[in-house]
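Next up, protein37.txt (compact mmCIF, C-alpha atoms):
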```txt
# COMPACT_ATOMS: atom_id res chain seq x y z
CA MET A 56 11.13 66.61 3.47
CA GLN A 57 8.76 65.91 6.35
CA PHE A 58 9.96 63.14 8.65
CA ILE A 59 7.23 60.59 9.43
CA ASP A 60 8.26 57.45 11.33
CA GLN A 61 4.86 55.87 12.13
CA ALA A 62 1.88 55.09 9.93
CA LYS A 63 -1.28 53.01 9.94
CA ILE A 64 -2.45 51.43 6.70
CA ALA A 65 -4.92 48.82 5.45
CA VAL A 66 -4.04 46.20 2.84
CA LYS A 67 -6.20 43.81 0.84
CA ALA A 68 -4.85 41.00 -1.30
CA GLY A 69 -6.55 40.16 -4.59
CA ARG A 70 -9.53 37.82 -4.85
CA GLY A 71 -9.05 34.58 -6.75
CA GLY A 72 -10.74 34.32 -10.14
CA ASP A 73 -13.87 32.19 -10.49
CA GLY A 74 -13.87 28.80 -12.16
CA ILE A 75 -16.38 28.35 -14.99
CA ALA A 76 -18.73 25.71 -16.35
CA ALA A 77 -18.06 24.97 -20.02
CA PHE A 78 -18.34 21.99 -22.38
CA ARG A 79 -16.42 20.95 -25.44
CA ARG A 80 -18.50 21.37 -28.56
CA GLU A 81 -16.18 20.45 -31.37
CA LYS A 82 -17.00 18.88 -34.68
CA TYR A 83 -16.26 15.16 -34.81
CA VAL A 84 -15.82 15.03 -31.00
CA PRO A 85 -18.96 13.38 -29.67
CA ALA A 86 -19.79 13.90 -25.99
CA GLY A 87 -16.92 16.29 -25.58
CA GLY A 88 -17.48 16.60 -21.85
CA PRO A 89 -16.83 19.40 -19.35
CA SER A 90 -13.93 21.76 -20.08
CA GLY A 91 -14.33 24.68 -17.65
CA GLY A 92 -10.99 26.06 -16.46
CA ASP A 93 -9.88 27.21 -13.01
CA GLY A 94 -9.60 30.84 -11.92
CA GLY A 95 -6.21 32.48 -11.36
CA TRP A 96 -4.75 33.44 -8.00
CA GLY A 97 -5.30 36.91 -6.60
CA GLY A 98 -2.24 39.11 -6.16
CA ASP A 99 -0.30 39.11 -2.89
CA VAL A 100 0.56 42.33 -1.05
CA VAL A 101 4.33 42.43 -0.52
CA MET A 102 6.46 44.97 1.34
CA VAL A 103 9.94 45.69 -0.01
CA ALA A 104 12.77 47.48 1.82
CA ASP A 105 14.15 50.37 -0.24
CA SER A 106 17.33 52.19 0.86
CA ASN A 107 16.33 55.25 -1.17
CA LEU A 108 13.48 55.99 1.24
CA GLN A 109 14.12 57.71 4.58
CA THR A 110 10.59 58.33 5.88
CA LEU A 111 7.05 56.90 5.91
CA LEU A 112 5.70 60.16 4.48
CA ASP A 113 4.03 58.44 1.50
CA PHE A 114 1.68 56.59 3.84
CA LYS A 115 0.33 59.85 5.23
CA TYR A 116 -1.55 60.44 1.99
CA LYS A 117 -2.44 56.90 0.96
CA ARG A 118 -3.66 54.41 3.56
CA LEU A 119 -5.43 51.69 1.55
CA PHE A 120 -3.50 49.32 -0.70
CA GLU A 121 -5.33 46.71 -2.80
CA ALA A 122 -3.82 44.06 -5.05
CA ASN A 123 -5.55 43.05 -8.28
CA ASP A 124 -7.94 40.09 -8.55
CA GLY A 125 -7.19 36.93 -10.51
CA ARG A 126 -8.94 36.34 -13.86
CA ARG A 127 -11.75 33.84 -14.26
CA GLY A 128 -11.10 30.52 -15.96
CA GLY A 129 -11.75 29.90 -19.64
CA PRO A 130 -13.06 27.07 -21.84
CA ASN A 131 -10.90 24.19 -22.96
CA LYS A 132 -9.62 23.86 -19.39
CA SER A 133 -7.83 27.20 -19.65
CA THR A 134 -6.69 28.55 -16.28
CA GLY A 135 -7.31 32.26 -15.73
CA ALA A 136 -4.32 34.56 -15.37
CA SER A 137 -3.04 35.11 -11.84
CA ALA A 138 -2.72 38.76 -10.78
CA ASN A 139 0.65 40.42 -10.26
CA ASP A 140 1.71 41.02 -6.67
CA LEU A 141 1.36 44.53 -5.28
CA GLU A 142 4.74 45.70 -3.97
CA ILE A 143 4.83 48.46 -1.36
CA LYS A 144 8.21 50.11 -0.84
CA VAL A 145 9.22 51.09 2.71
CA PRO A 146 12.46 52.45 4.19
CA CYS A 147 15.05 49.99 5.46
CA GLY A 148 14.47 49.57 9.18
CA THR A 149 10.66 49.39 9.03
CA GLU A 150 8.83 47.11 11.46
CA VAL A 151 5.42 45.81 10.37
CA ARG A 152 2.85 44.95 13.04
CA GLU A 153 -0.69 43.67 12.76
CA LEU A 154 -3.46 45.69 14.37
CA PRO A 155 -5.04 45.53 16.84
CA SER A 156 -2.97 42.65 18.27
CA GLY A 157 0.39 44.39 17.77
CA MET A 158 1.93 41.11 16.59
CA LEU A 159 5.21 41.64 14.74
CA LEU A 160 4.89 40.35 11.16
CA GLY A 161 8.36 41.28 10.04
CA ASP A 162 11.30 43.65 10.28
CA LEU A 163 12.62 44.88 6.94
CA VAL A 164 16.26 45.81 7.45
CA ASP A 165 18.26 44.92 4.32
CA GLU A 166 17.89 46.50 0.88
CA GLY A 167 15.50 44.47 -1.29
CA GLU A 168 14.21 42.36 1.61
CA LYS A 169 10.60 41.28 1.02
CA LEU A 170 7.70 40.37 3.30
CA ILE A 171 4.35 38.95 2.16
CA ILE A 172 1.80 40.64 4.42
CA ALA A 173 -1.42 39.55 2.72
CA LYS A 174 -1.84 36.40 0.63
CA GLY A 175 -3.97 36.48 -2.49
CA GLY A 176 -7.06 34.29 -2.73
CA LYS A 177 -7.00 30.93 -4.49
CA GLY A 178 -8.80 30.65 -7.81
CA GLY A 179 -12.04 28.68 -8.04
CA LEU A 180 -12.35 25.31 -9.77
CA GLY A 181 -13.89 24.81 -13.18
CA ASN A 182 -16.46 22.10 -13.87
CA ALA A 183 -13.79 19.89 -15.46
CA HIS A 184 -12.82 18.91 -11.89
CA TYR A 185 -16.25 17.46 -11.15
CA LEU A 186 -16.43 14.88 -13.95
CA SER A 187 -17.22 11.43 -12.56
CA ASN A 188 -18.72 8.14 -13.67
CA ARG A 189 -22.00 9.20 -12.10
CA ASN A 190 -21.99 12.72 -13.51
CA ARG A 191 -20.70 12.96 -17.06
CA ALA A 192 -21.89 16.53 -17.58
CA PRO A 193 -21.32 18.41 -14.32
CA GLU A 194 -22.30 22.06 -14.23
CA LYS A 195 -20.76 22.68 -10.84
CA PHE A 196 -17.90 25.18 -10.46
CA THR A 197 -16.59 27.22 -7.52
CA GLU A 198 -15.93 30.88 -7.00
CA GLY A 199 -12.51 32.28 -6.14
CA LYS A 200 -11.49 32.85 -2.52
CA GLU A 201 -11.19 36.32 -1.04
CA GLY A 202 -7.68 37.65 -0.43
CA GLU A 203 -6.42 38.36 3.07
CA GLN A 204 -7.15 41.77 4.60
CA ARG A 205 -5.10 43.38 7.35
CA GLU A 206 -4.70 46.62 9.21
CA LEU A 207 -1.06 47.37 9.88
CA GLN A 208 1.13 49.62 11.99
CA LEU A 209 4.38 50.64 10.31
CA GLU A 210 7.17 51.88 12.54
CA LEU A 211 10.50 53.13 11.23
CA LYS A 212 13.59 52.63 13.37
CA LEU A 213 16.66 54.22 11.87
CA LEU A 214 19.63 52.01 11.08
CA ALA A 215 22.64 53.51 12.84
CA GLU A 216 25.52 51.89 14.67
CA VAL A 217 26.14 54.83 17.03
CA GLY A 218 23.48 56.95 18.73
CA LEU A 219 24.09 60.40 20.22
CA VAL A 220 21.81 61.11 23.18
CA GLY A 221 21.70 63.97 25.65
CA MET A 222 19.72 66.84 27.06
CA PRO A 223 18.60 69.67 24.76
CA ASN A 224 21.54 71.82 23.60
CA ALA A 225 24.11 69.28 24.77
CA GLY A 226 25.96 69.68 21.44
CA LYS A 227 24.79 66.55 19.62
CA SER A 228 24.02 68.30 16.33
CA THR A 229 27.28 70.24 16.41
CA LEU A 230 29.24 67.04 17.05
CA ILE A 231 27.62 65.10 14.21
CA SER A 232 28.13 68.04 11.85
CA VAL A 233 31.85 68.13 12.68
CA LEU A 234 32.38 64.36 12.47
CA SER A 235 30.35 63.87 9.27
CA SER A 236 28.91 65.73 6.31
CA ALA A 237 25.49 65.97 7.98
CA ARG A 238 24.17 69.52 8.28
CA PRO A 239 21.49 69.53 11.00
CA LYS A 240 19.88 72.73 12.23
CA ILE A 241 21.94 74.22 15.06
CA ALA A 242 20.83 77.08 17.33
CA ASP A 243 21.17 78.24 20.93
CA TYR A 244 17.68 77.30 22.09
CA PRO A 245 16.25 73.98 23.34
CA PHE A 246 14.83 71.42 20.91
CA THR A 247 16.61 72.80 17.86
CA THR A 248 16.65 69.23 16.55
CA LEU A 249 13.07 68.18 15.89
CA VAL A 250 13.80 64.99 13.93
CA PRO A 251 16.64 62.43 14.07
CA ASN A 252 19.63 63.26 11.89
CA LEU A 253 21.96 60.72 10.33
CA GLY A 254 25.62 61.28 9.50
CA VAL A 255 28.24 58.93 8.08
CA VAL A 256 31.61 59.06 9.84
CA ARG A 257 34.60 57.60 8.01
CA ARG A 258 36.18 54.59 9.69
CA PRO A 259 39.92 53.87 9.80
CA SER A 260 39.27 51.15 7.20
CA GLY A 261 37.87 53.74 4.79
CA ASP A 262 34.20 52.79 4.84
CA GLY A 263 31.55 54.57 6.90
CA THR A 264 29.76 54.20 10.23
CA VAL A 265 26.31 55.75 10.61
CA PHE A 266 25.81 58.07 13.59
CA ALA A 267 22.30 59.16 14.66
CA ASP A 268 21.61 62.45 16.44
CA ILE A 269 18.45 61.97 18.53
CA PRO A 270 16.35 64.99 19.63
CA GLY A 271 17.08 66.10 23.19
CA LEU A 272 15.80 64.17 26.17
CA ILE A 273 14.39 65.78 29.28
CA ALA A 274 13.17 64.38 32.58
CA GLY A 275 10.03 62.36 31.85
CA ALA A 276 10.93 61.70 28.20
CA ALA A 277 10.24 57.96 28.53
CA ARG A 278 6.68 58.84 29.64
CA GLY A 279 6.10 61.22 26.75
CA ALA A 280 7.55 64.53 27.93
CA GLY A 281 9.35 66.65 25.35
CA LEU A 282 10.39 65.01 22.09
CA GLY A 283 12.38 62.07 23.46
CA HIS A 284 9.50 59.60 23.67
CA ASP A 285 8.77 60.03 19.96
CA PHE A 286 12.32 59.27 18.90
CA LEU A 287 13.86 56.95 21.48
CA ARG A 288 12.89 54.04 19.23
CA HIS A 289 15.51 55.17 16.74
CA ILE A 290 18.38 54.19 19.02
CA GLU A 291 17.03 50.68 19.69
CA ARG A 292 19.11 49.27 16.82
CA THR A 293 22.36 51.01 17.72
CA LYS A 294 25.39 49.05 18.90
CA LEU A 295 26.82 51.92 20.94
CA LEU A 296 25.45 55.04 22.65
CA ILE A 297 27.36 58.26 23.24
CA HIS A 298 25.91 60.07 26.25
CA LEU A 299 26.63 63.75 25.68
CA VAL A 300 26.62 65.99 28.76
CA ASP A 301 27.08 69.77 28.51
CA CYS A 302 29.79 70.63 31.04
CA SER A 303 28.83 74.31 31.04
CA THR A 304 25.40 73.81 32.64
CA SER A 305 24.66 74.47 36.31
CA ASP A 306 24.72 70.75 37.19
CA PRO A 307 26.29 68.41 34.59
CA GLN A 308 26.17 65.48 37.01
CA ALA A 309 22.39 65.81 37.44
CA ASP A 310 21.99 65.96 33.66
CA ALA A 311 23.98 62.74 33.28
CA ILE A 312 21.89 60.97 35.93
CA THR A 313 18.64 62.19 34.32
CA LEU A 314 19.78 60.79 30.99
CA LEU A 315 20.54 57.39 32.53
CA ASN A 316 17.19 57.34 34.33
CA GLU A 317 15.25 58.07 31.14
CA LEU A 318 16.98 55.28 29.22
CA GLN A 319 16.32 52.95 32.16
CA ALA A 320 12.63 53.92 32.19
CA TYR A 321 12.31 53.41 28.44
CA GLY A 322 13.97 49.99 28.52
CA HIS A 323 14.09 48.03 25.23
CA GLY A 324 17.68 47.02 26.02
CA LEU A 325 19.02 50.60 26.08
CA PRO A 326 20.26 50.56 29.70
CA GLU A 327 22.48 47.56 28.89
CA ARG A 328 23.77 49.04 25.61
CA PRO A 329 27.53 49.81 25.57
CA LYS A 330 28.03 53.54 26.13
CA ILE A 331 30.63 56.25 26.18
CA THR A 332 29.95 59.26 28.41
CA VAL A 333 31.28 62.54 27.05
CA LEU A 334 31.47 66.04 28.53
CA SER A 335 30.92 68.48 25.67
CA LYS A 336 31.48 72.24 25.18
CA SER A 337 34.70 72.17 27.19
CA GLU A 338 35.73 75.45 25.52
CA LEU A 339 33.15 77.30 27.65
CA ILE A 340 34.86 76.64 31.02
CA ASP A 341 38.44 76.88 32.27
CA ALA A 342 40.81 73.95 32.74
CA GLU A 343 40.34 73.80 36.51
CA GLN A 344 36.55 73.52 36.18
CA GLN A 345 36.93 70.93 33.46
CA LYS A 346 39.04 68.69 35.68
CA GLU A 347 36.72 69.08 38.66
CA ILE A 348 33.57 68.29 36.71
CA GLN A 349 35.21 65.34 34.92
CA THR A 350 36.51 63.86 38.18
CA ASN A 351 33.17 64.26 39.99
CA LEU A 352 31.24 62.69 37.12
CA GLU A 353 33.64 59.73 36.83
CA THR A 354 33.20 59.13 40.57
CA ALA A 355 29.40 59.32 40.34
CA LEU A 356 29.14 57.06 37.28
CA GLN A 357 32.02 54.73 38.18
CA GLN A 358 33.36 54.93 34.65
CA LYS A 359 35.79 56.94 32.54
CA VAL A 360 34.39 60.18 31.08
CA ALA A 361 35.81 61.84 27.96
CA LEU A 362 36.16 65.60 27.54
CA ILE A 363 35.62 67.18 24.11
CA SER A 364 34.93 70.39 22.27
CA ALA A 365 33.23 70.05 18.91
CA ALA A 366 33.81 73.77 18.32
CA THR A 367 37.61 73.52 18.62
CA GLY A 368 38.09 69.84 17.77
CA TYR A 369 39.61 69.04 21.16
CA GLY A 370 39.29 65.36 22.14
CA LEU A 371 37.48 64.26 18.96
CA THR A 372 40.27 61.99 17.75
CA SER A 373 40.39 60.21 21.11
CA LEU A 374 36.60 59.92 21.11
CA LEU A 375 36.55 58.27 17.70
CA GLN A 376 39.30 55.88 18.75
CA ALA A 377 37.15 54.86 21.73
CA VAL A 378 34.16 54.39 19.39
CA TRP A 379 36.12 52.15 17.00
CA LEU A 380 37.41 50.13 19.95
CA GLU A 381 33.87 49.56 21.27
CA LEU A 382 32.65 48.57 17.81
CA GLY A 383 35.57 46.19 17.32
CA ILE A 384 36.99 48.17 14.40
CA GLU A 385 40.76 47.99 14.00
CA ASN A 386 42.79 51.19 13.79
CA PRO A 387 45.30 51.29 10.94
```
Using the file provided, produce a representation of the structure as structure tokens.
Amino acid sequence: MQFIDQAKIAVKAGRGGDGIAAFRREKYVPAGGPSGGDGGWGGDVVMVADSNLQTLLDFKYKRLFEANDGRRGGPNKSTGASANDLEIKVPCGTEVRELPSGMLLGDLVDEGEKLIIAKGGKGGLGNAHYLSNRNRAPEKFTEGKEGEQRELQLELKLLAEVGLVGMPNAGKSTLISVLSSARPKIADYPFTTLVPNLGVVRRPSGDGTVFADIPGLIAGAARGAGLGHDFLRHIERTKLLIHLVDCSTSDPQADAITLLNELQAYGHGLPERPKITVLSKSELIDAEQQKEIQTNLETALQQKVALISAATGYGLTSLLQAVWLELGIENP
């Protein structure tokens, strides 16, 4: 399935039905008077969060959504039928913005959450409304109002509590595949991960925590270099970030600093987000190098740094305990 996390669409709510001019012409009812009914309301356009959807792919092929119009009024003061609302399903975590202003209309996070994005037009009035002492046979009626029209920007931000970030080939996909049942593509070349991957990791309480593996960041990612700029938005909702640093590279400390700088440049609250810094792929270097790199990085960052190996399982239990502690989840 192709992963699409941004889309532009146009929506148009239904037009209200017209009122009509009609008169009662019934036997034994002299001077029956005006009886034109009102038109019905046009349909609203409503967005609905659906947990079964994971991408905005559907909006790549259809960009215009129109609700039905209301029905015109009838005789005997009969009001025309109002149109049904048009419901558009989007993935949970979709932000809806109006174009070109960029104003946020709503953020659909929870399953079944609804947002009216275009209001249907009001139905017109029938001539029964214009009866007066001066005009006993009015022929005036009004047409229905047009429904609202909008151009919208949809932006999907994945719902995950923990985000894995790091340079290309830092071991993020391997880690999420070991901790969860996710099966991302893993290879020994940069940018193996081209889209965010989600994995559910079992908590001590038995339920799950969603981890997100974000495509690798490089220097300049916040300005559009590499793939990071396209996917940094997906960690904006996370409660905790795991900074993964490959300890087998030529300069792990420089990689860690680059990662911090890119998150700082991107902003959106990410620099202040709680984080755990982790040295990965410890199986590729000897114990003496591990200790030296870990000590130097802790000194540079002024924080504790974990050491793990997703390939052998070393340090993963301690890492998860640190994650649960940061998230406020009790260990059994």
Selection: 7 Å around Gln208 in chain A, only C-alpha atoms, excl. self and same-chain fewer than 3 positions, as a ChimeraX atom specification: /A:62-64,151-154
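Counting all atoms listed in the file and comparing A:Leu186, A:Leu325, A:Thr197, A:Ile172, the residue that lies closest to Gly87 in chain A is A:Leu186.
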Top pick for closest residue to Asn190 in chain A, considering A:Val378, A:Thr350, A:Asp165, A:Gly88 and counting only C-alpha atoms: A:Gly88
Sorted per-residue table, range 248-353 of chain A near range 212-235 of chain A, closest atoms and distance, 6 Å, all atoms listed in the file, as a Markdown table:
```
| residue | atom | partner | partner_atom | distance |
| --- | --- | --- | --- | --- |
| A:Gly254 | CA | A:Ser235 | CA | 5.4 |
| A:Val255 | CA | A:Ser235 | CA | 5.5 |
| A:Val256 | CA | A:Ser235 | CA | 5.0 |
| A:Val265 | CA | A:Ala215 | CA | 4.8 |
| A:Phe266 | CA | A:Val217 | CA | 4.7 |
| A:Ala267 | CA | A:Gly218 | CA | 4.8 |
| A:Asp268 | CA | A:Leu219 | CA | 5.0 |
| A:Ile269 | CA | A:Val220 | CA | 5.8 |
| A:Gly271 | CA | A:Pro223 | CA | 4.2 |
| A:Leu272 | CA | A:Met222 | CA | 4.8 |
| A:Ile273 | CA | A:Met222 | CA | 5.9 |
| A:His289 | CA | A:Lys212 | CA | 4.6 |
| A:Ile290 | CA | A:Gly218 | CA | 5.8 |
| A:Thr293 | CA | A:Glu216 | CA | 4.5 |
| A:Lys294 | CA | A:Glu216 | CA | 5.1 |
| A:Leu295 | CA | A:Val217 | CA | 4.9 |
| A:Leu296 | CA | A:Gly218 | CA | 4.8 |
| A:Ile297 | CA | A:Leu219 | CA | 4.9 |
| A:His298 | CA | A:Val220 | CA | 5.2 |
| A:Leu299 | CA | A:Gly221 | CA | 4.9 |
| A:Val300 | CA | A:Ala225 | CA | 5.7 |
| A:Asp301 | CA | A:Ala225 | CA | 4.8 |
```
Store the residues of this selection in a file with C-alpha atoms, as a short mmCIF file (atom, residue, chain, number, x, y, z; two decimals), in the frame of the given file.
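again-v5.cif was written with the following content:
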```cif
data_model
loop_
_atom_site.label_atom_id
_atom_site.label_comp_id
_atom_site.auth_asym_id
_atom_site.auth_seq_id
_atom_site.Cartn_x
_atom_site.Cartn_y
_atom_site.Cartn_z
CA GLY A 254 25.62 61.28 9.50
CA VAL A 255 28.24 58.93 8.08
CA VAL A 256 31.61 59.06 9.84
CA VAL A 265 26.31 55.75 10.61
CA PHE A 266 25.81 58.07 13.59
CA ALA A 267 22.30 59.16 14.66
CA ASP A 268 21.61 62.45 16.44
CA ILE A 269 18.45 61.97 18.53
CA GLY A 271 17.08 66.10 23.19
CA LEU A 272 15.80 64.17 26.17
CA ILE A 273 14.39 65.78 29.28
CA HIS A 289 15.51 55.17 16.74
CA ILE A 290 18.38 54.19 19.02
CA THR A 293 22.36 51.01 17.72
CA LYS A 294 25.39 49.05 18.90
CA LEU A 295 26.82 51.92 20.94
CA LEU A 296 25.45 55.04 22.65
CA ILE A 297 27.36 58.26 23.24
CA HIS A 298 25.91 60.07 26.25
CA LEU A 299 26.63 63.75 25.68
CA VAL A 300 26.62 65.99 28.76
CA ASP A 301 27.08 69.77 28.51
#
```
Residue contacts of Met102 in chain A (7 Å, all atoms listed in the file) excluding same-chain residues fewer than 6 positions away, as a PyMOL selection string: chain A and resi 142-145+169-171
Residues near Asp140 in chain A, cut-off 7 Å, all atoms listed in the file, skip fewer than 4 positions along chain, as a ChimeraX atom specification: /A:98-101,122
Within 9 Å of file point (0.4, 38.1, -9.2), counting all atoms listed in the file, expressed as a PyMOL selection string: chain A and resi 69+95-99+122-125+136-141+175
Separation of CA of Lys174 in chain A from CA of Glu203 in chain A in Å: 5.5 Å
Two-atom distance - CA of Lys330 in chain A, CA of Lys359 in chain A (Å):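 Distance between the two atoms: 10.6 Å.
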Separation of CA of Gln345 in chain A from CA of Arg257 in chain A in Å: 28.8 Å
Residue with smallest distance to Leu375 in chain A - pool A:Gly135, A:Asp113, A:Ile59, A:Arg258, counting all atoms listed in the file: A:Arg258
Residue list as number ranges by chain for point (28.5, 73.8, 29.7), cut-off 9 Å, all atoms listed in the file: A: 225, 300-307, 334-340
Minimum-distance residue to Thr264 in chain A, chosen among A:Leu382, A:Leu111, A:Ala104, A:Ile348 (using all atoms listed in the file):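 Ranking A:Leu382, A:Leu111, A:Ala104, A:Ile348 by distance to Thr264 in chain A, first place goes to A:Leu382.
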Who sits within 6 Å of Cys147 in chain A, all atoms listed in the file, same chain under 2 positions skipped, as a list in words: Ala104, Asp105, Ser106, Thr149, Leu163 and Val164 of chain A
Given all atoms listed in the file as the counted atoms, nearest of A:Ala320, A:Leu209, A:Ala365, A:Ala76 to Pro193 in chain A: A:Ala76
So that I can look at just that part, could you write range 377-385 of chain A with all heavy atoms, as a CSV table (one decimal), in the first residue's frame?
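Full text of part-v3.csv as output:
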```
chain,number,residue,atom,x,y,z
A,377,ALA,N,13.3,1.8,30.9
A,377,ALA,CA,13.5,3.2,30.9
A,377,ALA,C,12.4,3.9,30.2
A,377,ALA,O,11.9,5.0,30.6
A,377,ALA,CB,14.8,3.6,30.2
A,378,VAL,N,11.9,3.3,29.1
A,378,VAL,CA,10.7,3.8,28.3
A,378,VAL,C,9.5,3.8,29.2
A,378,VAL,O,8.8,4.9,29.3
A,378,VAL,CB,10.5,3.0,27.1
A,378,VAL,CG1,9.1,3.4,26.4
A,378,VAL,CG2,11.6,3.2,26.1
A,379,TRP,N,9.2,2.7,29.9
A,379,TRP,CA,8.0,2.7,30.7
A,379,TRP,C,8.1,3.7,31.9
A,379,TRP,O,7.1,4.3,32.2
A,379,TRP,CB,7.8,1.3,31.3
A,379,TRP,CG,7.8,0.1,30.4
A,379,TRP,CD1,8.4,-1.1,30.5
A,379,TRP,CD2,7.2,0.1,29.0
A,379,TRP,NE1,8.2,-1.9,29.4
A,379,TRP,CE2,7.5,-1.2,28.5
A,379,TRP,CE3,6.5,1.0,28.3
A,379,TRP,CZ2,7.1,-1.5,27.2
A,379,TRP,CZ3,6.1,0.7,27.0
A,379,TRP,CH2,6.4,-0.6,26.5
A,380,LEU,N,9.3,3.9,32.4
A,380,LEU,CA,9.5,4.9,33.5
A,380,LEU,C,9.2,6.3,33.0
A,380,LEU,O,8.5,7.1,33.6
A,380,LEU,CB,10.9,4.8,34.0
A,380,LEU,CG,11.3,5.7,35.2
A,380,LEU,CD1,10.4,5.4,36.4
A,380,LEU,CD2,12.7,5.6,35.5
A,381,GLU,N,9.7,6.6,31.8
A,381,GLU,CA,9.4,8.0,31.2
A,381,GLU,C,8.0,8.2,30.9
A,381,GLU,O,7.5,9.3,31.0
A,381,GLU,CB,10.3,8.1,29.9
A,381,GLU,CG,11.7,8.3,30.1
A,381,GLU,CD,12.1,9.7,30.7
A,381,GLU,OE1,11.2,10.6,30.7
A,381,GLU,OE2,13.2,10.0,31.1
A,382,LEU,N,7.3,7.1,30.5
A,382,LEU,CA,5.9,7.2,30.1
A,382,LEU,C,5.0,7.1,31.3
A,382,LEU,O,3.7,7.3,31.2
A,382,LEU,CB,5.5,6.1,29.1
A,382,LEU,CG,6.1,6.2,27.7
A,382,LEU,CD1,5.7,5.1,26.8
A,382,LEU,CD2,5.8,7.6,27.0
A,383,GLY,N,5.6,6.9,32.5
A,383,GLY,CA,4.8,6.8,33.7
A,383,GLY,C,4.0,5.5,33.8
A,383,GLY,O,2.9,5.4,34.5
A,384,ILE,N,4.5,4.4,33.2
A,384,ILE,CA,3.9,3.1,33.2
A,384,ILE,C,4.5,2.2,34.3
A,384,ILE,O,5.8,2.1,34.3
A,384,ILE,CB,3.9,2.4,31.9
A,384,ILE,CG1,3.2,3.3,30.8
A,384,ILE,CG2,3.3,1.0,31.9
A,384,ILE,CD1,3.4,2.8,29.4
A,385,GLU,N,3.7,1.7,35.2
A,385,GLU,CA,4.3,0.9,36.3
A,385,GLU,C,4.7,-0.5,35.8
A,385,GLU,O,4.1,-1.1,35.0
A,385,GLU,CB,3.2,0.7,37.4
A,385,GLU,CG,2.7,2.0,38.0
A,385,GLU,CD,3.8,2.5,38.9
A,385,GLU,OE1,4.7,1.8,39.4
A,385,GLU,OE2,3.8,3.8,39.2
```
